[in-house]
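Peer 1: Below you'll find input-v4.txt; it's compact mmCIF, C-alpha atoms.
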```txt
# COMPACT_ATOMS: atom_id res chain seq x y z
CA MET I 1 0.00 0.00 0.00
CA THR I 2 1.36 3.43 -0.86
CA SER I 3 2.03 5.99 1.82
CA PRO I 4 -0.85 8.46 2.38
CA THR I 5 -0.38 12.14 1.72
CA PRO I 6 0.03 14.48 4.70
CA HIS I 7 -3.25 16.25 3.87
CA GLU I 8 -5.49 13.20 4.31
CA HIS I 9 -7.65 13.09 7.42
CA PHE I 10 -7.11 10.45 10.08
CA PRO I 11 -9.85 10.93 12.69
CA VAL I 12 -9.00 7.88 14.82
CA ILE I 13 -5.92 8.92 16.81
CA GLU I 14 -3.83 7.02 19.33
CA LEU I 15 -1.52 8.51 21.92
CA ARG I 16 0.67 5.55 22.90
CA ARG I 17 3.05 5.85 25.83
CA TYR I 18 5.70 3.28 26.61
CA THR I 19 7.83 2.77 29.69
CA MET I 20 10.91 1.32 28.05
CA ALA I 21 13.34 -1.12 29.55
CA PRO I 22 16.27 0.81 31.08
CA GLY I 23 18.61 2.00 28.35
CA ALA I 24 16.31 0.92 25.48
CA ARG I 25 14.76 4.30 24.57
CA ALA I 26 17.54 5.57 22.31
CA ALA I 27 17.41 2.38 20.23
CA ILE I 28 13.65 2.57 19.64
CA VAL I 29 13.84 6.28 18.70
CA HIS I 30 16.54 5.38 16.18
CA ARG I 31 14.35 2.59 14.73
CA PHE I 32 11.38 4.94 14.36
CA ASP I 33 13.54 7.56 12.65
CA ASP I 34 15.08 5.07 10.23
CA THR I 35 12.34 2.54 9.43
CA LEU I 36 9.31 2.10 11.70
CA ALA I 37 7.45 5.35 10.96
CA HIS I 38 7.70 4.71 7.22
CA ARG I 39 6.64 1.08 7.58
CA PHE I 40 3.60 2.11 9.61
CA GLN I 41 2.51 4.51 6.86
CA HIS I 42 2.95 1.90 4.16
CA LEU I 43 0.34 -0.13 6.04
CA GLY I 44 -2.12 2.78 5.60
CA GLY I 45 -1.79 4.71 8.87
CA MET I 46 -0.35 8.13 9.67
CA ALA I 47 2.71 8.51 11.91
CA PHE I 48 2.14 11.97 13.39
CA GLY I 49 5.22 11.91 15.58
CA HIS I 50 7.39 10.01 18.05
CA PHE I 51 8.92 11.54 21.14
CA CYS I 52 11.05 11.19 24.25
CA GLU I 53 9.15 12.19 27.37
CA ARG I 54 11.26 14.84 29.05
CA ASP I 55 10.11 14.09 32.61
CA ARG I 56 10.52 10.29 32.36
CA PRO I 57 14.01 9.00 31.41
CA ASP I 58 12.51 5.75 30.06
CA GLY I 59 9.32 7.31 28.64
CA PHE I 60 8.62 7.12 24.90
CA ALA I 61 5.43 8.42 23.26
CA TRP I 62 3.96 8.02 19.79
CA LEU I 63 1.01 9.70 18.07
CA ARG I 64 -0.52 7.77 15.19
CA GLY I 65 -3.69 8.04 13.14
CA PHE I 66 -6.14 5.82 11.25
CA ARG I 67 -8.97 6.45 8.81
CA THR I 68 -11.49 4.18 10.61
CA PRO I 69 -11.70 1.91 13.69
CA ALA I 70 -11.60 -1.11 11.37
CA ALA I 71 -8.43 0.18 9.73
CA ARG I 72 -6.93 0.69 13.18
CA ALA I 73 -7.52 -2.94 14.14
CA ARG I 74 -6.01 -4.22 10.90
CA ILE I 75 -2.98 -1.93 10.87
CA VAL I 76 -2.16 -2.46 14.56
CA ARG I 77 -2.08 -6.24 14.07
CA ALA I 78 0.12 -5.98 10.99
CA PHE I 79 2.48 -3.42 12.49
CA ASP I 80 2.93 -5.27 15.77
CA ASP I 81 3.91 -8.39 13.81
CA LEU I 82 6.33 -6.32 11.72
CA ALA I 83 7.92 -4.14 14.38
CA HIS I 84 8.33 -6.48 17.37
CA THR I 85 8.65 -3.50 19.73
CA GLY I 86 6.78 -5.05 22.64
CA GLY I 87 9.79 -6.75 24.20
CA MET I 88 11.51 -3.39 24.65
CA ALA I 89 8.73 -1.94 26.82
CA ASN I 90 7.87 -2.64 30.44
CA ARG I 91 4.45 -0.98 30.09
CA THR I 92 2.29 0.50 27.36
CA ASP I 93 -0.56 2.98 27.89
CA VAL I 94 -2.92 3.74 24.99
CA LEU I 95 -5.38 6.63 24.74
CA VAL I 96 -7.75 6.44 21.74
CA LEU I 97 -8.93 9.89 20.67
CA ARG I 98 -10.99 11.78 18.09
CA PRO I 99 -10.85 15.43 16.96
CA LEU I 100 -13.02 17.50 19.27
CA LYS I 101 -14.73 19.08 16.26
CA ALA I 102 -14.18 19.68 12.55
CA GLY I 103 -10.79 21.30 12.03
CA ALA I 104 -9.45 20.27 15.45
CA GLY I 105 -7.58 17.18 14.24
CA ILE I 106 -3.85 16.94 13.70
CA ALA I 107 -2.45 18.45 10.50
CA PRO I 108 0.83 16.55 9.97
CA LEU I 109 3.94 17.96 8.37
CA PRO I 110 6.02 16.05 5.84
CA MET I 111 8.93 13.99 7.19
CA ALA I 112 11.65 16.42 6.18
CA GLY I 113 14.49 18.18 7.93
CA GLU I 114 15.54 17.99 11.54
CA ALA I 115 12.95 18.06 14.30
CA GLN I 116 12.87 21.27 16.33
CA GLY I 117 10.95 22.68 19.28
CA ILE I 118 8.85 20.94 21.92
CA VAL I 119 5.51 19.14 21.63
CA ILE I 120 3.11 19.51 24.56
CA ALA I 121 0.17 17.23 25.35
CA GLN I 122 -2.03 18.44 28.20
CA ILE I 123 -4.19 15.48 29.23
CA LEU I 124 -7.35 16.36 31.15
CA PRO I 125 -9.03 13.31 32.79
CA VAL I 126 -12.73 14.13 32.54
CA ALA I 127 -15.23 13.21 35.24
CA PRO I 128 -17.83 10.65 34.09
CA GLY I 129 -20.80 12.32 32.44
CA ARG I 130 -19.06 15.71 32.20
CA MET I 131 -17.38 15.50 28.81
CA ALA I 132 -19.64 17.99 27.01
CA ALA I 133 -19.40 20.51 29.84
CA CYS I 134 -15.64 20.04 30.08
CA GLU I 135 -15.24 20.54 26.34
CA ARG I 136 -17.04 23.89 26.50
CA ALA I 137 -15.09 25.11 29.52
CA ALA I 138 -11.74 23.82 28.28
CA GLU I 139 -12.03 25.57 24.92
CA ARG I 140 -12.21 28.88 26.77
CA CYS I 141 -9.10 27.92 28.73
CA PHE I 142 -7.27 26.82 25.61
CA ALA I 143 -7.78 30.25 24.06
CA ALA I 144 -5.37 31.62 26.68
CA TYR I 145 -2.59 29.44 25.23
CA HIS I 146 -2.52 31.27 21.90
CA GLY I 147 0.48 33.47 21.25
CA CYS I 148 3.87 33.80 19.61
CA GLY I 149 5.97 30.70 19.89
CA VAL I 150 2.90 28.43 19.98
CA ILE I 151 1.22 26.32 17.28
CA GLU I 152 -2.02 24.65 18.35
CA ALA I 153 -1.68 21.23 16.72
CA GLY I 154 -4.97 19.63 17.80
CA ILE I 155 -7.76 19.40 20.37
CA LEU I 156 -8.73 15.78 20.92
CA ALA I 157 -11.17 13.82 23.09
CA THR I 158 -12.01 10.24 23.88
CA PRO I 159 -15.28 9.04 22.30
CA GLY I 160 -18.37 8.89 24.49
CA GLU I 161 -19.87 11.04 27.23
CA CYS I 162 -19.96 8.80 30.29
CA ALA I 163 -16.79 6.72 30.11
CA ALA I 164 -14.95 6.43 33.41
CA ASP I 165 -11.61 6.95 31.64
CA GLY I 166 -12.62 9.86 29.39
CA ALA I 167 -10.01 12.47 28.54
CA LEU I 168 -9.60 15.75 26.71
CA VAL I 169 -6.20 16.51 25.18
CA TRP I 170 -4.72 19.82 24.02
CA LEU I 171 -1.81 19.29 21.67
CA GLY I 172 0.63 22.07 20.86
CA ILE I 173 4.03 22.72 19.31
CA LEU I 174 6.24 25.24 21.09
CA SER I 175 9.30 26.98 19.75
CA GLY I 176 11.40 26.14 22.80
CA ASP I 177 11.88 26.28 26.55
CA ALA I 178 11.11 30.00 26.80
CA ALA I 179 7.67 29.46 25.26
CA LEU I 180 7.07 26.55 27.64
CA ALA I 181 7.98 28.67 30.67
CA ALA I 182 5.68 31.45 29.48
CA LEU I 183 2.75 29.02 29.05
CA ARG I 184 3.04 27.17 32.34
CA PRO I 185 0.90 29.70 34.29
CA ALA I 186 -1.89 29.28 31.70
CA PHE I 187 -1.67 25.47 31.94
CA ASP I 188 -1.87 25.68 35.73
CA ALA I 189 -4.78 28.13 35.61
CA ALA I 190 -6.76 25.87 33.28
CA ALA I 191 -6.20 22.88 35.56
CA ALA I 192 -7.33 24.85 38.60
CA GLU I 193 -10.43 26.26 36.89
CA LEU I 194 -11.63 22.95 35.46
CA GLY I 195 -10.90 21.12 38.70
CA ALA I 196 -12.77 23.69 40.79
CA ALA I 197 -15.79 23.31 38.48
CA GLY I 198 -15.93 19.56 39.20
CA LEU I 199 -15.18 18.66 35.59
CA LEU I 200 -12.05 16.56 36.17
CA ALA I 201 -11.70 13.06 37.58
CA ALA I 202 -8.02 13.59 38.49
CA PRO I 203 -5.33 16.27 38.14
CA PRO I 204 -4.27 16.93 34.54
CA GLU I 205 -0.98 15.62 33.19
CA LEU I 206 1.34 17.79 31.13
CA LEU I 207 3.56 15.80 28.77
CA VAL I 208 6.67 17.63 27.58
CA LEU I 209 7.83 15.77 24.48
CA ASP I 210 11.07 16.12 22.55
CA PRO I 211 10.43 15.04 18.93
CA GLY I 212 12.50 12.39 17.19
CA ARG I 213 14.60 13.40 14.21
CA ARG I 214 11.91 12.30 11.73
CA SER I 215 8.83 13.27 13.73
CA ARG I 216 6.21 15.10 11.67
CA LEU I 217 5.05 17.15 14.64
CA ARG I 218 7.81 19.68 15.21
CA TRP I 219 8.32 23.42 15.31
CA VAL I 220 8.32 25.17 11.94
CA SER I 221 11.21 27.56 12.39
CA ALA I 222 10.35 29.71 9.38
CA ALA I 223 6.85 30.50 10.70
CA SER I 224 6.02 33.27 13.13
CA VAL I 225 2.52 32.21 14.06
CA THR I 226 -0.28 32.85 16.46
CA ALA I 227 -2.27 29.70 17.19
CA PRO I 228 -4.55 28.21 16.09
CA ALA I 229 -2.58 28.12 12.86
CA ARG I 230 -2.99 24.88 10.95
CA SER I 231 -2.99 26.79 7.65
CA SER I 232 0.32 28.39 8.68
CA ILE I 233 1.76 24.96 9.45
CA MET I 234 0.93 23.58 6.03
CA ALA I 235 2.01 26.73 4.17
CA ALA I 236 5.37 26.79 5.94
CA ALA I 237 6.00 23.14 5.11
```
Could you quickly redo this structure as structure tokens?

Peer 2:
Amino acid sequence: MTSPTPHEHFPVIELRRYTMAPGARAAIVHRFDDTLAHRFQHLGGMAFGHFCERDRPDGFAWLRGFRTPAARARIVRAFDDLAHTGGMANRTDVLVLRPLKAGAGIAPLPMAGEAQGIVIAQILPVAPGRMAACERAAERCFAAYHGCGVIEAGILATPGECAADGALVWLGILSGDAALAALRPAFDAAAAELGAAGLLAAPPELLVLDPGRRSRLRWVSAASVTAPARSSIMAAA
């Protein structure tokens, strides 16, 4: 199967997080850069990006997309047989997501050039039955994240209203550590506001992700953007 173009839409999205065996992370990042991301796309999926978790020395994360749930099941089986990555991980956590609304999905860049910047995933665990209310409140909070040095890369949610493990995820690309430091008060304020409103089942988690060399999600150094800026991302590519 030929590799899909970056402009195709992949509304079934997985955020996969691995706790690697000690010392194994560098090897798996190298494999993704050299072969695994391409092989995944030849099976019909979209490799949005692969990352080292900054706050966990053995943490590795991967964002990948599928056209349909049926395609996800087929591609996951085929890729797992091909990649044999399971033996390198002590634990794997998977969050299955959808775009919050039209235009809120991930717009991937081509695999070209060196990865730059930082990718942020703010994971909001939503209280059962409060997804719709949390979505409305969180969108107001997310508006405070917009500014120079920030590209809003996606707003994602787990399917369903009443699931006990529901989550809302803000995904952004930051130019560097200065942008991250500037945004931390807004991240903290959003967590406090949503928690005080009874919309969260647990404290949010902020993933600080350093992209692999061939990750699609990365800072576009030529762009001076104010998020949300998916059109700017694609134009700069």

Peer 1: Applying 8 Å and only C-alpha atoms, which residues near Leu95 in chain I remain after dropping the ones on its own chain fewer than 4 positions away? List them as JSON, numbers by chain.

Peer 2: {"I": [14, 15, 16, 158]}

Peer 1: Could you state the separation of CA of Ala83 in chain I and CA of Arg39 in chain I in Å, given to one decimal place?

Peer 2: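 Result for CA of Ala83 in chain I versus CA of Arg39 in chain I: 8.7 Å, one decimal.
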
Peer 1: Calculated over all atoms listed in the file, which of the candidates I:Ala197, I:Val29, I:Leu124, I:Met46 has the smallest distance to Met111 in chain I?

Peer 2: I:Met46

Peer 1: Of the candidates I:Glu135, I:Asp33, I:Asp80, I:Asp165, which one gets nearest to Val96 in chain I if we count only C-alpha atoms?

Peer 2: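 Checking each of I:Glu135, I:Asp33, I:Asp80, I:Asp165 against Val96 in chain I, counting only C-alpha atoms, the winner is I:Asp165.
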
Peer 1: Choose the residue, out of I:Arg67, I:His42, I:Arg54, I:Gly160, that has the smallest atom-to-atom separation from Arg130 in chain I; count all atoms listed in the file.

Peer 2: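 Using all atoms listed in the file, Arg130 in chain I sits closest to I:Gly160.
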
Peer 1: Find the residues near Ala182 in chain I: any atom within 10 Å, counting all atoms listed in the file, skip ones fewer than 5 places away on the same chain, and give them as a list of chain:residue names.

Peer 2: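 The filter keeps I:Tyr145, I:Gly147, I:Gly149, I:Asp177, I:Phe187.
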
Peer 1: With only C-alpha atoms as the atoms that count, which of I:Pro57, I:Pro159, I:Pro11, I:Gly172 lies nearest to Gly117 in chain I?

Peer 2: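 For Gly117 in chain I, the nearest of the given residues is I:Gly172.
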
Peer 1: With all atoms listed in the file as the atoms that count, which of I:Leu180, I:Ala115, I:Val12, I:Ala47 lies nearest to Ala70 in chain I?

Peer 2: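 Smallest separation from Ala70 in chain I among the options: I:Val12.
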
Peer 1: For Ala191 in chain I, which residue among I:Phe142, I:Phe79, I:Tyr18, I:Trp219 is the nearest when counting all atoms listed in the file?

Peer 2: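 Among the listed residues, I:Phe142 lies closest to Ala191 in chain I.
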
Peer 1: Find the spatial neighbours of Arg74 in chain I, counting all atoms listed in the file, within a cut-off of 10 Å - ignore same-chain residues fewer than 5 positions away - and output them as a PyMOL selection string.

Peer 2: chain I and resi 43-44+69+79

Peer 1: Counting all atoms listed in the file, what are the residues of range 98-188 of chain I within 12 Å of range 211-215 of chain I, and for each of them which pair of atoms is the nearest and at what distance in Å, to one decimal? Sort the table by chain and rising number, as JSON lines.

Peer 2:
```
{"residue": "I:Pro108", "atom": "CA", "partner": "I:Ser215", "partner_atom": "CA", "distance": 9.4}
{"residue": "I:Leu109", "atom": "CA", "partner": "I:Ser215", "partner_atom": "CA", "distance": 8.6}
{"residue": "I:Pro110", "atom": "CA", "partner": "I:Ser215", "partner_atom": "CA", "distance": 8.8}
{"residue": "I:Met111", "atom": "CA", "partner": "I:Arg214", "partner_atom": "CA", "distance": 5.7}
{"residue": "I:Ala112", "atom": "CA", "partner": "I:Arg214", "partner_atom": "CA", "distance": 6.9}
{"residue": "I:Gly113", "atom": "CA", "partner": "I:Arg214", "partner_atom": "CA", "distance": 7.5}
{"residue": "I:Glu114", "atom": "CA", "partner": "I:Arg213", "partner_atom": "CA", "distance": 5.4}
{"residue": "I:Ala115", "atom": "CA", "partner": "I:Arg213", "partner_atom": "CA", "distance": 4.9}
{"residue": "I:Gln116", "atom": "CA", "partner": "I:Pro211", "partner_atom": "CA", "distance": 7.2}
{"residue": "I:Gly117", "atom": "CA", "partner": "I:Pro211", "partner_atom": "CA", "distance": 7.7}
{"residue": "I:Ile118", "atom": "CA", "partner": "I:Pro211", "partner_atom": "CA", "distance": 6.8}
{"residue": "I:Val119", "atom": "CA", "partner": "I:Pro211", "partner_atom": "CA", "distance": 7.0}
{"residue": "I:Ile120", "atom": "CA", "partner": "I:Pro211", "partner_atom": "CA", "distance": 10.3}
{"residue": "I:Ile173", "atom": "CA", "partner": "I:Pro211", "partner_atom": "CA", "distance": 10.0}
{"residue": "I:Leu174", "atom": "CA", "partner": "I:Pro211", "partner_atom": "CA", "distance": 11.2}
{"residue": "I:Gly176", "atom": "CA", "partner": "I:Pro211", "partner_atom": "CA", "distance": 11.8}
```

Peer 1: Mind writing the picked residues with C-alpha atoms as an mmCIF file, keeping the file's coordinate frame?

Peer 2:
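Just written: out_5.cif:
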```cif
data_model
loop_
_atom_site.group_PDB
_atom_site.id
_atom_site.type_symbol
_atom_site.label_atom_id
_atom_site.label_comp_id
_atom_site.auth_asym_id
_atom_site.auth_seq_id
_atom_site.Cartn_x
_atom_site.Cartn_y
_atom_site.Cartn_z
ATOM 1 C CA PRO I 108 0.830 16.550 9.970
ATOM 2 C CA LEU I 109 3.940 17.960 8.370
ATOM 3 C CA PRO I 110 6.020 16.050 5.840
ATOM 4 C CA MET I 111 8.930 13.990 7.190
ATOM 5 C CA ALA I 112 11.650 16.420 6.180
ATOM 6 C CA GLY I 113 14.490 18.180 7.930
ATOM 7 C CA GLU I 114 15.540 17.990 11.540
ATOM 8 C CA ALA I 115 12.950 18.060 14.300
ATOM 9 C CA GLN I 116 12.870 21.270 16.330
ATOM 10 C CA GLY I 117 10.950 22.680 19.280
ATOM 11 C CA ILE I 118 8.850 20.940 21.920
ATOM 12 C CA VAL I 119 5.510 19.140 21.630
ATOM 13 C CA ILE I 120 3.110 19.510 24.560
ATOM 14 C CA ILE I 173 4.030 22.720 19.310
ATOM 15 C CA LEU I 174 6.240 25.240 21.090
ATOM 16 C CA GLY I 176 11.400 26.140 22.800
#
```

Peer 1: Please check which residues have atoms at most 9 Å from (9.8, -1.0, 12.1) in the file's coordinates, counting all atoms listed in the file, and write them as a count of residues only.

Peer 2: 15

Peer 1: To one decimal in Å, tell me the separation between CA of Asp58 in chain I and CA of Ala127 in chain I.

Peer 2: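 Rounded to one decimal, the two atoms are 29.2 Å apart.
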
Peer 1: What separation in Å, quoted to one decimal, exists between CA of Arg218 in chain I and CA of Ala179 in chain I?

Peer 2: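 Answer for the CA of Arg218 in chain I to CA of Ala179 in chain I separation: 14.0 Å.
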
Peer 1: For a cutoff of 10 Å around the file-coordinate point (8.9, 10.1, 26.4), which residues qualify once you count only C-alpha atoms? I'd like the result as a list in words.

Peer 2: Arg17, Tyr18, Thr19, Met20, Arg25, Val29, His50, Phe51, Cys52, Glu53, Arg54, Asp55, Arg56, Pro57, Asp58, Gly59, Phe60, Ala61, Trp62, Leu207, Val208, Leu209, Asp210 and Pro211 of chain I

Peer 1: How about completing range 7-18 of chain I with all heavy atoms and giving it to me as an mmCIF file, in the frame of the given file?

Peer 2:
```
data_model
loop_
_atom_site.group_PDB
_atom_site.id
_atom_site.type_symbol
_atom_site.label_atom_id
_atom_site.label_comp_id
_atom_site.auth_asym_id
_atom_site.auth_seq_id
_atom_site.Cartn_x
_atom_site.Cartn_y
_atom_site.Cartn_z
ATOM 1 N N HIS I 7 -2.019 15.479 3.783
ATOM 2 C CA HIS I 7 -3.250 16.250 3.870
ATOM 3 C C HIS I 7 -4.488 15.393 4.128
ATOM 4 O O HIS I 7 -5.566 15.919 4.363
ATOM 5 C CB HIS I 7 -3.442 17.056 2.569
ATOM 6 C CG HIS I 7 -2.342 18.051 2.336
ATOM 7 N ND1 HIS I 7 -2.339 19.298 2.897
ATOM 8 C CD2 HIS I 7 -1.209 17.952 1.621
ATOM 9 C CE1 HIS I 7 -1.245 19.954 2.525
ATOM 10 N NE2 HIS I 7 -0.552 19.158 1.757
ATOM 11 N N GLU I 8 -4.345 14.061 4.065
ATOM 12 C CA GLU I 8 -5.490 13.200 4.310
ATOM 13 C C GLU I 8 -5.865 13.227 5.780
ATOM 14 O O GLU I 8 -5.036 13.470 6.662
ATOM 15 C CB GLU I 8 -5.179 11.777 3.851
ATOM 16 C CG GLU I 8 -5.104 11.661 2.336
ATOM 17 C CD GLU I 8 -4.748 10.247 1.908
ATOM 18 O OE1 GLU I 8 -4.099 9.544 2.688
ATOM 19 O OE2 GLU I 8 -5.107 9.880 0.790
ATOM 20 N N HIS I 9 -7.123 12.966 6.062
ATOM 21 C CA HIS I 9 -7.650 13.090 7.420
ATOM 22 C C HIS I 9 -7.677 11.730 8.090
ATOM 23 O O HIS I 9 -8.147 10.754 7.524
ATOM 24 C CB HIS I 9 -9.068 13.674 7.349
ATOM 25 C CG HIS I 9 -9.637 14.006 8.679
ATOM 26 N ND1 HIS I 9 -8.916 14.652 9.653
ATOM 27 C CD2 HIS I 9 -10.857 13.769 9.214
ATOM 28 C CE1 HIS I 9 -9.686 14.813 10.718
ATOM 29 N NE2 HIS I 9 -10.855 14.276 10.481
ATOM 30 N N PHE I 10 -7.163 11.686 9.303
ATOM 31 C CA PHE I 10 -7.110 10.450 10.080
ATOM 32 C C PHE I 10 -7.780 10.713 11.424
ATOM 33 O O PHE I 10 -7.118 11.119 12.389
ATOM 34 C CB PHE I 10 -5.656 10.004 10.258
ATOM 35 C CG PHE I 10 -5.008 9.590 8.968
ATOM 36 C CD1 PHE I 10 -4.495 10.536 8.105
ATOM 37 C CD2 PHE I 10 -4.944 8.255 8.609
ATOM 38 C CE1 PHE I 10 -3.911 10.164 6.906
ATOM 39 C CE2 PHE I 10 -4.355 7.872 7.409
ATOM 40 C CZ PHE I 10 -3.842 8.823 6.552
ATOM 41 N N PRO I 11 -9.108 10.506 11.503
ATOM 42 C CA PRO I 11 -9.850 10.930 12.690
ATOM 43 C C PRO I 11 -9.760 10.003 13.883
ATOM 44 O O PRO I 11 -10.207 10.370 14.968
ATOM 45 C CB PRO I 11 -11.297 11.000 12.169
ATOM 46 C CG PRO I 11 -11.347 9.977 11.084
ATOM 47 C CD PRO I 11 -9.993 10.018 10.427
ATOM 48 N N VAL I 12 -9.213 8.796 13.691
ATOM 49 C CA VAL I 12 -9.000 7.880 14.820
ATOM 50 C C VAL I 12 -7.527 8.015 15.211
ATOM 51 O O VAL I 12 -6.642 7.670 14.434
ATOM 52 C CB VAL I 12 -9.344 6.434 14.462
ATOM 53 C CG1 VAL I 12 -9.118 5.519 15.663
ATOM 54 C CG2 VAL I 12 -10.784 6.327 13.971
ATOM 55 N N ILE I 13 -7.274 8.550 16.403
ATOM 56 C CA ILE I 13 -5.920 8.920 16.810
ATOM 57 C C ILE I 13 -5.552 8.186 18.092
ATOM 58 O O ILE I 13 -6.356 8.104 19.023
ATOM 59 C CB ILE I 13 -5.819 10.449 17.014
ATOM 60 C CG1 ILE I 13 -6.123 11.170 15.699
ATOM 61 C CG2 ILE I 13 -4.432 10.843 17.535
ATOM 62 C CD1 ILE I 13 -6.377 12.649 15.861
ATOM 63 N N GLU I 14 -4.358 7.671 18.129
ATOM 64 C CA GLU I 14 -3.830 7.020 19.330
ATOM 65 C C GLU I 14 -2.671 7.822 19.888
ATOM 66 O O GLU I 14 -1.757 8.205 19.147
ATOM 67 C CB GLU I 14 -3.288 5.618 19.014
ATOM 68 C CG GLU I 14 -4.295 4.517 18.914
ATOM 69 C CD GLU I 14 -3.594 3.166 18.794
ATOM 70 O OE1 GLU I 14 -2.338 3.131 18.806
ATOM 71 O OE2 GLU I 14 -4.287 2.154 18.680
ATOM 72 N N LEU I 15 -2.703 8.064 21.191
ATOM 73 C CA LEU I 15 -1.520 8.510 21.920
ATOM 74 C C LEU I 15 -1.029 7.291 22.703
ATOM 75 O O LEU I 15 -1.671 6.839 23.648
ATOM 76 C CB LEU I 15 -1.854 9.652 22.866
ATOM 77 C CG LEU I 15 -0.737 10.080 23.831
ATOM 78 C CD1 LEU I 15 0.520 10.498 23.082
ATOM 79 C CD2 LEU I 15 -1.218 11.195 24.753
ATOM 80 N N ARG I 16 0.082 6.741 22.270
ATOM 81 C CA ARG I 16 0.670 5.550 22.900
ATOM 82 C C ARG I 16 1.888 5.966 23.702
ATOM 83 O O ARG I 16 2.770 6.651 23.198
ATOM 84 C CB ARG I 16 1.069 4.506 21.848
ATOM 85 C CG ARG I 16 -0.088 3.986 21.028
ATOM 86 C CD ARG I 16 0.355 2.936 20.026
ATOM 87 N NE ARG I 16 0.797 1.711 20.661
ATOM 88 C CZ ARG I 16 -0.017 0.695 20.974
ATOM 89 N NH1 ARG I 16 -1.313 0.779 20.722
ATOM 90 N NH2 ARG I 16 0.452 -0.389 21.538
ATOM 91 N N ARG I 17 1.935 5.523 24.952
ATOM 92 C CA ARG I 17 3.050 5.850 25.830
ATOM 93 C C ARG I 17 3.676 4.546 26.345
ATOM 94 O O ARG I 17 2.965 3.678 26.844
ATOM 95 C CB ARG I 17 2.585 6.716 26.997
ATOM 96 C CG ARG I 17 1.968 8.035 26.546
ATOM 97 C CD ARG I 17 1.421 8.787 27.746
ATOM 98 N NE ARG I 17 2.482 9.156 28.675
ATOM 99 C CZ ARG I 17 2.258 9.625 29.900
ATOM 100 N NH1 ARG I 17 1.017 9.746 30.349
ATOM 101 N NH2 ARG I 17 3.275 9.942 30.689
ATOM 102 N N TYR I 18 4.965 4.458 26.197
ATOM 103 C CA TYR I 18 5.700 3.280 26.610
ATOM 104 C C TYR I 18 6.637 3.628 27.774
ATOM 105 O O TYR I 18 7.250 4.700 27.769
ATOM 106 C CB TYR I 18 6.569 2.735 25.474
ATOM 107 C CG TYR I 18 5.838 2.394 24.209
ATOM 108 C CD1 TYR I 18 5.578 3.355 23.240
ATOM 109 C CD2 TYR I 18 5.417 1.089 23.954
ATOM 110 C CE1 TYR I 18 4.919 3.044 22.068
ATOM 111 C CE2 TYR I 18 4.763 0.762 22.776
ATOM 112 C CZ TYR I 18 4.517 1.747 21.840
ATOM 113 O OH TYR I 18 3.866 1.430 20.677
#
```
